[in-house]
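Source file: run.txt (compact mmCIF, C-alpha atoms)
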```
# COMPACT_ATOMS: atom_id res chain seq x y z
CA MET A 286 0.00 0.00 0.00
CA THR A 287 1.44 3.36 -0.99
CA ALA A 288 1.88 6.23 1.47
CA GLY A 289 -0.82 8.23 -0.36
CA ILE A 290 -3.35 5.41 -0.05
CA THR A 291 -2.44 4.92 3.60
CA LEU A 292 -2.91 8.63 4.35
CA GLY A 293 -6.23 8.58 2.50
CA LEU A 294 -7.29 5.60 4.59
CA LEU A 295 -6.36 7.50 7.77
CA VAL A 296 -8.35 10.56 6.67
CA ALA A 297 -11.37 8.35 5.92
CA ALA A 298 -11.00 6.67 9.31
CA GLY A 299 -10.88 10.06 11.01
CA ALA A 300 -14.08 11.11 9.28
CA ALA A 301 -15.71 7.77 10.14
CA LEU A 302 -14.77 8.23 13.79
CA ILE A 303 -16.61 11.56 13.88
CA VAL A 304 -19.75 9.99 12.42
CA GLN A 305 -19.46 6.97 14.74
CA ASN A 306 -19.14 9.10 17.87
CA LEU A 307 -22.00 11.41 16.87
CA LEU A 308 -24.27 8.42 16.26
CA MET A 309 -23.17 6.71 19.48
CA ALA A 310 -23.81 9.88 21.47
CA LYS A 311 -27.30 9.96 19.93
CA ILE A 312 -27.87 6.30 20.87
CA THR A 313 -26.66 7.06 24.40
CA GLY A 314 -29.14 9.93 24.62
CA ALA A 315 -31.99 7.57 23.72
CA ALA A 316 -30.79 4.73 25.98
CA SER A 317 -30.52 4.37 29.72
CA SER A 318 -26.70 4.38 29.70
CA VAL A 319 -23.61 4.89 27.58
CA LEU A 320 -23.03 1.17 28.13
CA VAL A 321 -25.90 0.38 25.72
CA ALA A 322 -24.14 2.22 22.89
CA LEU A 323 -20.80 0.62 23.78
CA LEU A 324 -22.30 -2.86 23.81
CA MET A 325 -24.05 -2.32 20.48
CA ASN A 326 -20.82 -1.00 18.95
CA SER A 327 -18.81 -3.97 20.22
CA ALA A 328 -21.45 -6.53 19.25
CA VAL A 329 -21.67 -5.24 15.68
CA GLY A 330 -17.87 -5.19 15.42
CA LEU A 331 -17.59 -8.74 16.76
CA VAL A 332 -20.24 -10.08 14.36
CA LEU A 333 -18.69 -8.26 11.38
CA LEU A 334 -15.14 -9.41 12.13
CA SER A 335 -16.29 -12.98 12.85
CA ALA A 336 -18.10 -13.11 9.51
CA LEU A 337 -15.05 -11.76 7.70
CA ILE A 338 -12.65 -14.25 9.27
CA LEU A 339 -15.06 -17.13 8.66
CA ARG A 340 -15.42 -16.09 5.03
CA LYS A 341 -11.67 -15.78 4.55
CA THR A 342 -10.37 -18.80 6.47
CA GLY A 343 -13.37 -20.83 7.60
CA MET A 344 -13.25 -22.42 11.01
CA SER A 345 -9.44 -22.54 10.92
CA GLY A 346 -9.37 -18.79 11.69
CA LEU A 347 -11.48 -19.23 14.81
CA ASN A 348 -9.42 -22.27 15.81
CA GLU A 349 -6.26 -20.19 15.44
CA ILE A 350 -7.70 -17.50 17.73
CA ALA A 351 -8.70 -20.08 20.33
CA GLY A 352 -5.33 -21.82 20.13
CA MET A 353 -3.17 -18.72 20.51
CA PHE A 354 -5.32 -16.86 23.07
CA ARG A 355 -3.58 -15.51 26.17
CA LEU A 356 -5.31 -13.68 29.00
CA TRP A 357 -3.40 -10.47 28.32
CA PHE A 358 -4.96 -10.36 24.82
CA VAL A 359 -8.08 -8.82 26.43
CA ILE A 360 -6.17 -5.64 27.36
CA PRO A 361 -6.44 -3.98 23.91
CA GLY A 362 -10.20 -4.57 23.93
CA ILE A 363 -10.50 -3.00 27.37
CA LEU A 364 -8.41 -0.01 26.27
CA GLY A 365 -10.41 0.36 23.05
CA THR A 366 -13.68 0.26 24.97
CA PHE A 367 -12.33 2.89 27.36
CA PHE A 368 -11.37 5.08 24.38
CA VAL A 369 -14.85 4.81 22.87
CA TYR A 370 -16.47 5.46 26.28
CA ALA A 371 -14.33 8.57 26.81
CA SER A 372 -15.08 9.77 23.27
CA ILE A 373 -18.85 9.43 23.68
CA THR A 374 -18.72 11.11 27.07
CA GLY A 375 -16.63 13.93 25.60
CA TYR A 376 -18.97 14.45 22.64
CA GLN A 377 -21.92 14.70 25.03
CA SER A 378 -20.23 16.87 27.65
CA VAL A 379 -17.94 19.28 25.81
CA GLY A 380 -18.66 18.69 22.11
CA ALA A 381 -16.84 17.15 19.16
CA ALA A 382 -14.02 19.68 18.65
CA PRO A 383 -12.71 19.79 22.25
CA THR A 384 -12.97 16.00 22.50
CA ILE A 385 -11.06 15.42 19.27
CA ALA A 386 -8.43 18.06 20.04
CA THR A 387 -7.79 16.62 23.50
CA LEU A 388 -7.63 13.03 22.24
CA VAL A 389 -5.28 13.89 19.37
CA ALA A 390 -2.99 16.04 21.54
CA SER A 391 -2.76 13.35 24.22
CA GLN A 392 -2.11 10.63 21.65
CA LEU A 393 0.65 12.66 20.05
CA LEU A 394 2.23 13.55 23.38
CA PHE A 395 2.26 9.99 24.69
CA GLY A 396 3.19 8.56 21.28
CA LEU A 397 6.16 10.89 21.03
CA ALA A 398 7.24 10.03 24.58
CA TRP A 399 7.02 6.32 23.68
CA ASP A 400 9.03 6.77 20.48
CA MET A 401 11.65 8.80 22.33
CA SER A 402 11.95 6.17 25.09
CA ARG A 403 12.74 3.55 22.44
CA SER A 404 15.17 5.69 20.43
CA ASN A 405 18.88 5.03 20.67
CA SER A 406 19.87 8.31 19.05
CA LEU A 407 18.22 11.27 20.74
CA THR A 408 19.64 14.54 19.51
CA SER A 409 18.42 18.09 19.92
CA ASN A 410 18.00 18.28 16.13
CA GLY A 411 15.68 15.27 16.30
CA ILE A 412 13.75 16.33 19.39
CA LEU A 413 13.32 20.05 18.74
CA PRO A 414 10.99 19.90 15.71
CA ALA A 415 8.82 17.27 17.39
CA ALA A 416 8.73 19.25 20.66
CA ILE A 417 7.70 22.41 18.80
CA GLY A 418 4.98 20.45 16.99
CA VAL A 419 3.66 19.03 20.26
CA ALA A 420 3.74 22.46 21.91
CA LEU A 421 1.77 23.96 19.02
CA LEU A 422 -0.76 21.16 19.11
CA VAL A 423 -1.17 21.44 22.89
CA ALA A 424 -1.54 25.24 22.59
CA GLY A 425 -4.17 24.75 19.88
CA THR A 426 -5.98 22.25 22.08
CA ILE A 427 -6.03 24.71 24.96
CA LEU A 428 -7.49 27.38 22.64
CA ILE A 429 -10.16 25.01 21.37
CA VAL A 430 -11.13 23.67 24.80
CA SER A 431 -11.20 27.12 26.42
CA ARG A 432 -13.65 28.33 23.74
CA TYR A 433 -16.20 25.71 24.83
CA ARG A 434 -16.12 26.25 28.60
```

Can you turn what I pasted into structure tokens?
Amino acid sequence: MTAGITLGLLVAAGAALIVQNLLMAKITGAASSVLVALLMNSAVGLVLLSALILRKTGMSGLNEIAGMFRLWFVIPGILGTFFVYASITGYQSVGAAPTIATLVASQLLFGLAWDMSRSNSLTSNGILPAAIGVALLVAGTILIVSRYR
């Protein structure tokens, strides 16, 4: 996959995330709890992915999953559910823009810290542009969030 196609895929995923969170916030408003929207989201995803793996590999795909499963494999699902819960709560409480800005800024900040912790060659020339970018993004996030208070 080319870089252009990958970036296009990421843009489409970003747009899809907005639509998903808006719809899930609407479901939450009609339901008794945000948990209803989360469960529906997870159930649809599980059914869709199960159908895709069954279509592609048959029962061997499910057997592979069962055979390689480790208890710690549930952690990404827990983290993903937490992300979706926080997103829905943010959309309902502070709106789409502050939620997105805060999520993106925190992801960039922690992602950069992770990348730096794994780097063997930290130089000021390598860190400075990234640090300036993070500072600008955090400043932009503060401006966006403060507008909605």

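You can rank A:Met309, A:Leu333, A:Ala297, A:Ile338 by their closest distance to Val321 of chain A using all atoms listed in the file, and at the top of that list sits A:Met309.
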
Worksheet item: Taking (-15.9, 12.3, 20.8) in the file's coordinates, which residues come within 8 Å, counting all atoms listed in the file, written as a ChimeraX atom specification?
Response: /A:303,306-307,369,371-377,380-382,384-385

With C-alpha atoms retained, could you export that selection as an mmCIF file, in the frame of the given file?
```cif
data_model
loop_
_atom_site.group_PDB
_atom_site.id
_atom_site.type_symbol
_atom_site.label_atom_id
_atom_site.label_comp_id
_atom_site.auth_asym_id
_atom_site.auth_seq_id
_atom_site.Cartn_x
_atom_site.Cartn_y
_atom_site.Cartn_z
ATOM 1 C CA ILE A 303 -16.610 11.560 13.880
ATOM 2 C CA ASN A 306 -19.140 9.100 17.870
ATOM 3 C CA LEU A 307 -22.000 11.410 16.870
ATOM 4 C CA VAL A 369 -14.850 4.810 22.870
ATOM 5 C CA ALA A 371 -14.330 8.570 26.810
ATOM 6 C CA SER A 372 -15.080 9.770 23.270
ATOM 7 C CA ILE A 373 -18.850 9.430 23.680
ATOM 8 C CA THR A 374 -18.720 11.110 27.070
ATOM 9 C CA GLY A 375 -16.630 13.930 25.600
ATOM 10 C CA TYR A 376 -18.970 14.450 22.640
ATOM 11 C CA GLN A 377 -21.920 14.700 25.030
ATOM 12 C CA GLY A 380 -18.660 18.690 22.110
ATOM 13 C CA ALA A 381 -16.840 17.150 19.160
ATOM 14 C CA ALA A 382 -14.020 19.680 18.650
ATOM 15 C CA THR A 384 -12.970 16.000 22.500
ATOM 16 C CA ILE A 385 -11.060 15.420 19.270
#
```

Item to complete: Pick out the residues sitting within 12 Å of Ser335 of chain A, and hand them over as a list in words; count only C-alpha atoms, and ignore anything fewer than 4 positions along from it in its own chain.
Response: Ser327, Ala328, Val329, Gly330, Leu331, Leu339, Arg340, Lys341, Thr342, Gly343, Met344, Ser345, Gly346, Leu347, Asn348 and Ile350 of chain A

Please write the residues from the selection above to a file, keeping C-alpha atoms, as a compact mmCIF listing (two decimals), keeping the file's coordinate frame.
```txt
# COMPACT_ATOMS: atom_id res chain seq x y z
CA SER A 327 -18.81 -3.97 20.22
CA ALA A 328 -21.45 -6.53 19.25
CA VAL A 329 -21.67 -5.24 15.68
CA GLY A 330 -17.87 -5.19 15.42
CA LEU A 331 -17.59 -8.74 16.76
CA LEU A 339 -15.06 -17.13 8.66
CA ARG A 340 -15.42 -16.09 5.03
CA LYS A 341 -11.67 -15.78 4.55
CA THR A 342 -10.37 -18.80 6.47
CA GLY A 343 -13.37 -20.83 7.60
CA MET A 344 -13.25 -22.42 11.01
CA SER A 345 -9.44 -22.54 10.92
CA GLY A 346 -9.37 -18.79 11.69
CA LEU A 347 -11.48 -19.23 14.81
CA ASN A 348 -9.42 -22.27 15.81
CA ILE A 350 -7.70 -17.50 17.73
```

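Nearest-residue note for Tyr370 of chain A: choosing from A:Asn326, A:Ser431, A:Thr291, A:Ser391, the minimum distance belongs to A:Asn326, counting all atoms listed in the file.
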
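In this structure, atom CA of Met401 of chain A sits 23.9 Å away from atom CA of Ile427 of chain A.
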
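Between atom CA of Gly418 of chain A and atom CA of Leu397 of chain A there is a distance of 10.4 Å.
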